[in-house]
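Q: Data file entry.txt (compact mmCIF, C-alpha atoms and all ligand atoms) is appended below.
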# COMPACT_ATOMS: atom_id res chain seq x y z
CA MET A 1 98.55 117.32 83.33
CA VAL A 2 99.13 113.61 82.68
CA LEU A 3 97.55 111.30 85.25
CA GLU A 4 100.36 109.17 86.66
CA ALA A 5 99.79 106.61 89.40
CA ILE A 6 103.42 105.44 89.32
CA LYS A 7 106.43 107.78 89.12
CA TYR A 8 109.66 105.88 88.58
CA THR A 9 113.21 106.93 87.88
CA PRO A 10 116.18 104.62 88.50
CA HIS A 11 116.71 104.28 92.29
CA SER A 12 113.42 106.00 93.13
CA LEU A 13 109.72 105.14 93.08
CA ALA A 14 106.70 107.15 94.22
CA ILE A 15 103.00 106.36 93.95
CA LEU A 16 99.94 108.57 93.89
CA ASP A 17 98.03 107.99 97.13
CA GLN A 18 94.68 106.66 95.87
CA LEU A 19 93.19 106.74 99.37
CA ARG A 20 93.32 110.53 99.24
CA LEU A 21 91.98 111.03 95.71
CA PRO A 22 90.02 112.95 94.52
CA HIS A 23 90.55 115.44 97.35
CA GLU A 24 94.34 115.53 97.35
CA SER A 25 97.04 114.52 94.84
CA VAL A 26 99.86 113.38 97.11
CA TYR A 27 102.78 111.16 96.11
CA PHE A 28 104.82 109.26 98.61
CA PRO A 29 108.01 107.29 98.15
CA ILE A 30 108.18 103.50 98.01
CA LYS A 31 111.68 102.58 99.05
CA ASN A 32 111.46 98.82 99.34
CA SER A 33 109.25 95.73 99.20
CA VAL A 34 107.78 96.34 102.67
CA ASP A 35 106.56 99.80 101.57
CA ALA A 36 105.10 98.21 98.43
CA PHE A 37 103.39 95.41 100.37
CA ASN A 38 101.72 97.93 102.71
CA ALA A 39 100.71 100.25 99.86
CA ILE A 40 99.10 97.36 97.95
CA LYS A 41 97.34 95.86 100.98
CA SER A 42 95.96 99.22 102.09
CA MET A 43 94.89 100.02 98.49
CA THR A 44 97.01 103.15 98.40
CA VAL A 45 97.78 101.71 94.99
CA ARG A 46 95.28 99.30 93.44
CA GLY A 47 94.24 97.89 90.06
CA ALA A 48 95.68 94.59 88.83
CA PRO A 49 98.42 95.91 86.49
CA ALA A 50 99.43 98.77 88.82
CA ILE A 51 100.00 96.56 91.85
CA ALA A 52 102.17 94.16 89.83
CA ILE A 53 104.30 97.01 88.47
CA VAL A 54 104.66 98.75 91.85
CA ALA A 55 105.76 95.47 93.46
CA ALA A 56 108.29 94.79 90.67
CA LEU A 57 109.71 98.34 90.73
CA ALA A 58 109.85 98.56 94.53
CA LEU A 59 112.11 95.54 94.51
CA ALA A 60 114.16 97.09 91.69
CA VAL A 61 114.75 100.17 93.87
CA GLU A 62 115.58 97.99 96.88
CA LEU A 63 118.07 95.93 94.84
CA ALA A 64 119.72 99.05 93.43
CA ASN A 65 120.29 100.32 96.96
CA THR A 66 121.55 97.04 98.51
CA GLU A 67 125.05 95.52 98.48
CA PHE A 68 125.29 91.79 97.60
CA GLU A 69 128.25 89.46 97.92
CA SER A 70 127.25 86.96 95.25
CA ALA A 71 124.77 86.31 92.46
CA ASP A 72 123.21 83.55 94.56
CA ASP A 73 122.57 86.05 97.37
CA VAL A 74 120.67 88.21 94.88
CA ARG A 75 118.66 85.25 93.63
CA GLU A 76 117.70 84.21 97.16
CA PHE A 77 116.81 87.78 98.14
CA VAL A 78 114.65 88.27 95.03
CA GLY A 79 112.88 84.91 95.54
CA ASP A 80 112.04 85.69 99.19
CA LYS A 81 110.85 89.25 98.52
CA LEU A 82 108.66 88.22 95.58
CA LYS A 83 107.03 85.44 97.60
CA TYR A 84 106.22 87.99 100.30
CA LEU A 85 104.87 90.59 97.83
CA VAL A 86 102.56 88.06 96.17
CA THR A 87 100.73 87.58 99.50
CA SER A 88 99.62 91.24 99.59
CA ARG A 89 96.44 90.67 97.53
CA PRO A 90 95.33 87.27 96.21
CA THR A 91 92.85 87.75 93.35
CA ALA A 92 94.71 89.66 90.63
CA VAL A 93 96.99 87.29 88.74
CA ASN A 94 99.21 90.04 87.30
CA LEU A 95 101.24 90.23 90.52
CA SER A 96 102.02 86.51 90.71
CA ASP A 97 102.58 86.42 86.93
CA ALA A 98 105.15 89.25 87.20
CA ALA A 99 106.79 87.59 90.23
CA ARG A 100 107.10 84.25 88.42
CA LYS A 101 108.67 85.87 85.35
CA LEU A 102 111.12 87.93 87.43
CA GLU A 103 112.13 84.99 89.60
CA ASN A 104 112.74 82.82 86.50
CA LEU A 105 114.79 85.61 84.98
CA VAL A 106 117.18 85.99 87.95
CA ASN A 107 117.53 82.21 88.22
CA GLU A 108 118.41 81.96 84.54
CA THR A 109 120.80 84.94 84.43
CA ASP A 110 124.49 83.99 84.64
CA GLY A 111 127.15 86.31 85.97
CA ASP A 112 128.03 88.17 89.16
CA ALA A 113 125.71 89.95 91.60
CA THR A 114 125.78 93.21 89.63
CA THR A 115 124.80 91.43 86.41
CA VAL A 116 121.84 89.68 88.05
CA VAL A 117 120.64 92.89 89.74
CA ARG A 118 120.91 94.75 86.44
CA ALA A 119 118.92 92.04 84.62
CA TYR A 120 116.15 92.27 87.25
CA ILE A 121 115.98 96.07 87.09
CA THR A 122 115.87 96.12 83.27
CA ALA A 123 113.01 93.58 83.25
CA ALA A 124 111.01 95.45 85.94
CA GLU A 125 111.44 98.76 84.09
CA LYS A 126 110.26 97.08 80.87
CA MET A 127 107.03 96.02 82.61
CA LEU A 128 106.22 99.70 83.23
CA VAL A 129 106.86 100.67 79.60
CA ASP A 130 105.12 97.62 78.11
CA ASP A 131 101.96 98.14 80.16
CA VAL A 132 101.31 101.55 78.58
CA SER A 133 101.79 100.27 75.02
CA ASP A 134 99.67 97.18 75.78
CA ASN A 135 96.88 99.43 77.03
CA MET A 136 97.02 101.61 73.90
CA ASN A 137 96.65 98.42 71.83
CA ILE A 138 93.74 97.23 73.99
CA GLY A 139 92.10 100.61 73.29
CA LYS A 140 92.71 100.29 69.55
CA ASN A 141 91.47 96.68 69.42
CA GLY A 142 88.39 97.54 71.50
CA LEU A 143 87.53 100.44 69.20
CA GLU A 144 87.85 98.27 66.08
CA TRP A 145 85.74 95.52 67.64
CA ALA A 146 83.05 98.04 68.64
CA LYS A 147 82.92 99.49 65.12
CA LYS A 148 82.62 96.01 63.62
CA THR A 149 80.07 94.74 66.15
CA ILE A 150 78.02 97.74 67.21
CA GLY A 151 78.35 99.96 64.13
CA SER A 152 79.42 103.48 63.29
CA ASP A 153 76.62 105.44 65.03
CA LYS A 154 77.50 107.09 68.32
CA PHE A 155 76.68 104.98 71.39
CA SER A 156 77.05 105.10 75.18
CA ILE A 157 79.04 102.82 77.46
CA LEU A 158 78.74 101.71 81.08
CA THR A 159 81.72 100.72 83.20
CA ILE A 160 82.56 99.69 86.78
CA CYS A 161 85.48 100.24 89.14
CA ASN A 162 88.58 102.09 87.97
CA THR A 163 90.53 100.59 85.10
CA GLY A 164 92.25 103.73 83.85
CA SER A 165 95.60 105.48 84.25
CA LEU A 166 95.30 105.08 88.00
CA ALA A 167 94.95 101.29 87.83
CA THR A 168 97.77 100.75 85.33
CA ALA A 169 101.02 102.32 84.16
CA GLY A 170 98.91 104.64 81.99
CA TYR A 171 95.88 104.97 79.65
CA GLY A 172 94.02 102.02 81.15
CA THR A 173 92.23 98.90 79.94
CA ALA A 174 88.41 99.20 80.00
CA LEU A 175 88.75 102.95 80.51
CA GLY A 176 91.38 102.89 77.75
CA ILE A 177 88.73 101.50 75.38
CA ILE A 178 86.35 104.28 76.45
CA ARG A 179 89.19 106.79 75.80
CA SER A 180 89.79 105.32 72.31
CA ILE A 181 86.09 105.28 71.41
CA HIS A 182 85.78 108.88 72.65
CA GLY A 183 88.92 109.88 70.72
CA ASP A 184 87.36 108.44 67.56
CA GLY A 185 84.21 110.54 68.02
CA LEU A 186 82.03 107.45 68.54
CA LEU A 187 81.24 107.89 72.25
CA SER A 188 77.94 109.50 73.08
CA HIS A 189 78.27 109.24 76.87
CA ALA A 190 80.11 107.23 79.53
CA TYR A 191 78.35 106.01 82.67
CA ALA A 192 80.37 104.98 85.72
CA LEU A 193 79.15 102.89 88.64
CA GLU A 194 80.24 104.39 91.96
CA THR A 195 81.53 100.88 92.88
CA ARG A 196 80.80 100.39 96.54
CA PRO A 197 82.30 99.88 99.00
CA TYR A 198 85.66 101.43 98.11
CA ASN A 199 84.15 103.82 95.51
CA GLN A 200 86.75 103.39 92.80
CA GLY A 201 84.07 104.63 90.36
CA SER A 202 83.06 107.84 92.10
CA ARG A 203 86.50 108.73 93.43
CA LEU A 204 88.85 107.55 90.67
CA THR A 205 87.02 106.85 87.39
CA ALA A 206 84.94 110.02 87.76
CA TYR A 207 88.21 111.90 88.40
CA GLU A 208 89.75 110.51 85.20
CA LEU A 209 86.63 111.16 83.09
CA VAL A 210 86.39 114.76 84.30
CA HIS A 211 90.17 115.17 83.79
CA ASP A 212 89.84 114.03 80.14
CA ASN A 213 86.65 116.02 79.46
CA ILE A 214 84.78 112.86 78.51
CA PRO A 215 80.99 113.38 78.78
CA ALA A 216 80.11 111.20 81.75
CA THR A 217 77.56 110.52 84.48
CA LEU A 218 77.93 108.74 87.79
CA ILE A 219 75.31 106.25 89.01
CA THR A 220 75.02 104.07 92.09
CA ASP A 221 75.62 100.35 91.61
CA SER A 222 71.92 99.59 92.10
CA MET A 223 70.89 101.84 89.18
CA ALA A 224 72.54 99.75 86.45
CA SER A 225 69.46 97.72 85.37
CA VAL A 226 67.09 100.65 85.14
CA LEU A 227 69.76 102.70 83.38
CA LEU A 228 70.00 100.09 80.62
CA LYS A 229 66.21 99.85 80.40
CA SER A 230 65.75 103.61 80.09
CA HIS A 231 68.83 104.41 77.97
CA PRO A 232 68.80 102.15 74.87
CA GLU A 233 71.72 104.15 73.44
CA ILE A 234 73.95 102.22 75.88
CA LYS A 235 75.23 99.43 73.64
CA MET A 236 78.20 98.18 75.59
CA ILE A 237 79.36 97.45 79.12
CA VAL A 238 83.14 97.30 79.38
CA VAL A 239 84.94 96.05 82.48
CA GLY A 240 88.49 95.23 83.51
CA ALA A 241 89.81 91.96 84.87
CA ASP A 242 91.81 90.77 87.84
CA ARG A 243 92.09 87.22 86.57
CA VAL A 244 90.69 85.55 83.45
CA ALA A 245 90.48 81.77 83.77
CA LYS A 246 91.29 79.45 80.82
CA ASN A 247 87.60 79.16 79.87
CA GLY A 248 87.09 82.96 79.94
CA ASP A 249 85.37 83.23 83.35
CA THR A 250 86.54 86.62 84.61
CA ALA A 251 87.13 87.81 88.16
CA ASN A 252 86.74 91.56 88.48
CA LYS A 253 85.44 94.12 90.97
CA ILE A 254 82.39 93.08 92.98
CA GLY A 255 79.32 94.01 90.93
CA THR A 256 80.76 92.84 87.61
CA TYR A 257 78.78 89.57 87.71
CA GLN A 258 75.45 91.38 88.06
CA LEU A 259 76.40 93.65 85.14
CA SER A 260 77.02 90.60 82.95
CA ILE A 261 73.52 89.35 83.79
CA VAL A 262 71.74 92.66 83.13
CA ALA A 263 73.70 93.10 79.88
CA LYS A 264 72.33 89.78 78.60
CA HIS A 265 68.77 90.68 79.68
CA HIS A 266 68.94 94.01 77.83
CA GLY A 267 70.85 92.80 74.75
CA VAL A 268 73.88 94.97 75.56
CA LYS A 269 77.38 93.77 74.63
CA PHE A 270 79.43 92.71 77.66
CA VAL A 271 83.14 93.16 77.04
CA VAL A 272 86.18 92.37 79.21
CA ALA A 273 89.35 94.42 78.64
CA ALA A 274 92.47 92.68 79.89
CA PRO A 275 96.16 92.54 79.10
CA THR A 276 97.35 88.98 78.47
CA THR A 277 99.14 89.20 81.86
CA SER A 278 95.63 88.93 83.39
CA ILE A 279 94.99 85.55 81.73
CA ASP A 280 95.62 82.61 84.06
CA ILE A 281 95.71 79.58 81.81
CA GLN A 282 96.51 77.30 84.79
CA THR A 283 93.12 78.06 86.36
CA LYS A 284 90.53 76.19 84.33
CA THR A 285 87.36 78.05 85.43
CA GLY A 286 86.24 80.86 87.72
CA GLU A 287 85.58 78.28 90.46
CA GLY A 288 89.35 78.11 90.98
CA ILE A 289 89.83 81.85 91.57
CA ALA A 290 90.47 82.97 95.17
CA ILE A 291 88.26 85.93 96.03
CA GLU A 292 89.74 88.45 98.45
CA GLN A 293 87.63 89.29 101.51
CA ARG A 294 88.31 92.84 102.67
CA ASN A 295 87.99 94.72 105.91
CA PRO A 296 84.35 95.18 107.07
CA GLU A 297 85.27 98.81 107.82
CA GLU A 298 85.04 99.57 104.08
CA LEU A 299 81.31 98.83 104.14
CA VAL A 300 80.22 100.49 107.36
CA THR A 301 82.20 103.72 107.05
CA VAL A 302 82.77 106.44 104.47
CA ARG A 303 85.88 108.56 103.84
CA GLY A 304 87.99 106.13 105.66
CA PRO A 305 90.00 104.47 106.81
CA VAL A 306 93.04 106.50 105.79
CA VAL A 307 96.02 104.23 106.16
CA ASP A 308 99.60 105.25 106.83
CA LYS A 309 102.55 103.90 104.86
CA ASP A 310 103.11 101.29 107.58
CA GLY A 311 99.59 99.96 106.94
CA LYS A 312 98.08 101.29 110.20
CA VAL A 313 94.85 103.27 110.24
CA ASN A 314 95.62 106.94 110.84
CA LYS A 315 92.85 107.83 113.31
CA GLU A 316 93.60 111.56 113.23
CA GLU A 317 93.29 111.85 109.47
CA ALA A 318 90.53 109.31 108.95
CA LYS A 319 87.58 111.57 109.81
CA THR A 320 85.59 108.39 109.45
CA VAL A 321 81.79 108.60 109.33
CA HIS A 322 79.96 105.47 110.43
CA ILE A 323 77.00 104.76 108.17
CA ALA A 324 75.74 101.41 109.46
CA ALA A 325 74.09 100.28 112.66
CA PRO A 326 76.83 99.29 115.11
CA GLY A 327 77.00 95.52 115.61
CA ILE A 328 75.69 94.51 112.17
CA GLY A 329 77.57 91.67 110.43
CA VAL A 330 79.35 92.47 107.16
CA TRP A 331 80.20 90.43 104.05
CA ASN A 332 82.78 92.18 101.90
CA PRO A 333 84.09 90.12 98.97
CA SER A 334 86.19 92.45 96.84
CA PHE A 335 85.60 90.63 93.55
CA ASP A 336 83.14 88.34 91.78
CA VAL A 337 83.26 86.24 88.64
CA ALA A 338 81.40 86.98 85.40
CA PRO A 339 80.87 83.65 83.63
CA ALA A 340 82.30 83.18 80.15
CA THR A 341 78.78 82.36 78.91
CA LEU A 342 77.78 85.99 79.50
CA ILE A 343 80.92 87.57 78.00
CA ASP A 344 80.82 88.64 74.34
CA ALA A 345 84.49 89.48 73.88
CA ILE A 346 87.79 89.61 75.75
CA VAL A 347 89.92 92.43 74.37
CA THR A 348 93.67 92.01 74.83
CA GLU A 349 96.69 93.87 73.44
CA LYS A 350 97.22 90.97 71.04
CA GLY A 351 93.68 90.86 69.64
CA VAL A 352 90.07 90.18 70.58
CA ALA A 353 88.96 86.74 71.79
CA GLU A 354 85.42 85.72 70.85
CA LYS A 355 83.69 82.39 71.40
CA ASP A 356 83.60 79.72 68.71
CA GLN A 357 80.39 78.03 67.53
CA ASN A 358 80.52 75.79 70.63
CA GLY A 359 80.56 78.85 72.89
CA GLU A 360 84.21 78.45 73.88
CA PHE A 361 87.02 81.00 74.12
CA HIS A 362 90.51 79.88 73.08
CA LEU A 363 92.67 82.16 75.17
CA GLU A 364 95.79 80.00 74.92
CA SER A 365 96.25 81.28 71.36
CA PHE A 366 96.86 84.78 72.82
CA LEU A 367 99.71 83.74 75.11
O1 LIG B 1 90.22 96.33 94.35
P1 LIG B 1 90.80 97.01 93.14
O2 LIG B 1 90.51 98.47 93.08
O3 LIG B 1 92.28 96.71 92.98
O4 LIG B 1 90.05 96.33 91.93
C1 LIG B 1 90.38 96.70 90.64
C2 LIG B 1 89.57 96.05 89.60
O5 LIG B 1 88.72 95.22 89.86
C3 LIG B 1 89.91 96.40 88.18
O6 LIG B 1 88.77 96.33 87.37
C4 LIG B 1 90.95 95.42 87.66
O7 LIG B 1 92.02 95.33 88.56
C5 LIG B 1 91.47 95.84 86.34
S1 LIG B 1 92.41 97.36 86.42
C6 LIG B 1 92.97 97.66 84.85
Kindly transcribe the structure held in the file into structure tokens.
Ligand code: MRU

A:
Amino acid sequence: MVLEAIKYTPHSLAILDQLRLPHESVYFPIKNSVDAFNAIKSMTVRGAPAIAIVAALALAVELANTEFESADDVREFVGDKLKYLVTSRPTAVNLSDAARKLENLVNETDGDATTVVRAYITAAEKMLVDDVSDNMNIGKNGLEWAKKTIGSDKFSILTICNTGSLATAGYGTALGIIRSIHGDGLLSHAYALETRPYNQGSRLTAYELVHDNIPATLITDSMASVLLKSHPEIKMIVVGADRVAKNGDTANKIGTYQLSIVAKHHGVKFVVAAPTTSIDIQTKTGEGIAIEQRNPEELVTVRGPVVDKDGKVNKEEAKTVHIAAPGIGVWNPSFDVAPATLIDAIVTEKGVAEKDQNGEFHLESFL
């Protein structure tokens, strides 16, 4: 069985409900941009590339099922819907990058309403296809870099969050590199952080690793330092990215920053895997990246909340267990920033960025 977070055929889109994994594999339809907005905000679909593609395709389905009188009506409709979709989650740049490209495309396409709609749909469908091939190339480039940098003896890898088929159109970025290294026979063992509070590691990455028969072990987030100390065969930490600033500072799932620090302390390579759509050349450093604050409920409860398609908590299905003292304050930033100084390489589909002798990445050459 192929793991597929996004099922698309012309006029129809369905996503795998990631709030229910690993217990249930349930798809539900996304008929329009409101469905997509709610699915992204509730994290029914999550992962930087996946949310961009679901937003783009939801609008493709909506356009295919709507009558327009003129090309300008289409352009106005697309502009409004994309602006709305971009507000669903702020940190990942892939969504606003996709929205900007799609809006430019409809504004630059001449012809009648049907022509403009068709141009939008073709471009959105291409994003789905391109993401898979980009991820395969990230995997290939990551494997080559690891062979060159770490050597040809088997080694182990640590990762955080979920960056695999469930977070993308398929194969994955950081998890794609783990897949490629495993496929080449070079992987000794993969370690996955459970990734509190939403548990993308224990629920989703563990699910993908088990699905692919990759030898793997789950640890809690607080075990990372002692794991590196006691397991010298771990030579590499590989993480995904929600937004890479011009200087290489990388926003990714909360906990990534501490991994970059412990990697340096233990002499382990710290690698970011990111499609070039995750590079935000307009943002100079990580200081400029907006970090999403999420619902305190994620921290003080487990197995919940389960959220309906309309974005409301489904109290009947939630079966929520409260694990914190009632009344305690909660801080729940969803992402943090690993500084470029602690990153050894940024692996993209176009090649691997490494720092020059002055310690600087030159990411603009990849765009
Ligand atoms: O909050 P999430 O689950 O959307 O966060 C996801 C991550 O931080 C991923 O590492 C990142 O989006 C890259 S996914 C290929």

Q: Quick one: axis-aligned box around all listed atoms of range 44-63 of chain A, 5 Å on every side, centre and edge lengths in Å to one decimal, written as AutoDock Vina command-line options.

A:
--center_x 106.2 --center_y 98.7 --center_z 92.4 --size_x 33.8 --size_y 19.0 --size_z 21.9

Q: Hey, which residues sit close to ligand LIG 1 (chain B)? Say within 6 Å, counting all atoms listed in the file, and write them as number ranges by chain.

A: A: 46-49, 161-163, 167-168, 172-173, 240-242, 252-253

Q: Residues within 7 Å of Leu166 in chain A, please, as a PDB file with C-alpha atoms, in the frame of the given file. Count all atoms listed in the file; anything in the same chain fewer than 2 positions from it doesn't count.

A:
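Final file, out_21.pdb:
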ATOM      1  CA  GLU A   4     100.360 109.170  86.660  1.00  0.00           C
ATOM      2  CA  ALA A   5      99.790 106.610  89.400  1.00  0.00           C
ATOM      3  CA  GLY A 164      92.250 103.730  83.850  1.00  0.00           C
ATOM      4  CA  THR A 168      97.770 100.750  85.330  1.00  0.00           C
TER       5      THR A 168
END

Q: Counting only C-alpha atoms, figure out which residue out of A:Lys269, A:His23, A:Arg203, A:Arg294 gets nearest to Thr91 in chain A.

A: A:Arg294

Q: Given all atoms listed in the file as the basis, pick out the residue of A:Tyr84, A:Arg89, A:His182, A:Ala56 nearest to Thr122 in chain A.

A: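 Using all atoms listed in the file, Thr122 in chain A sits closest to A:Ala56.
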
Q: Please list as a list in words every residue within 12 Å of Val226 in chain A, counting all atoms listed in the file and excluding residues in the same chain fewer than 5 positions away.

A: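 So, after excluding close chain neighbours, the residues are Ile219, Thr220, Asp221, His231, Pro232, Ile234, Leu259, Val262, Ala263, His265 and His266 of chain A.
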
Q: Taking only C-alpha atoms into account, name the residue in A:Leu187, A:Gly151, A:Ile328, A:Ala39 that is nearest to Leu19 in chain A.

A: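 Under the stated criterion, the closest residue is A:Ala39.
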
Q: List every protein, DNA or RNA residue that has an atom no more than 12 Å from (85.3, 108.3, 69.0) in the file's coordinate frame, counting all atoms listed in the file, and report them as a PyMOL selection string.

A: chain A and resi 139-140+142-144+146-147+151-157+176-190+214-215
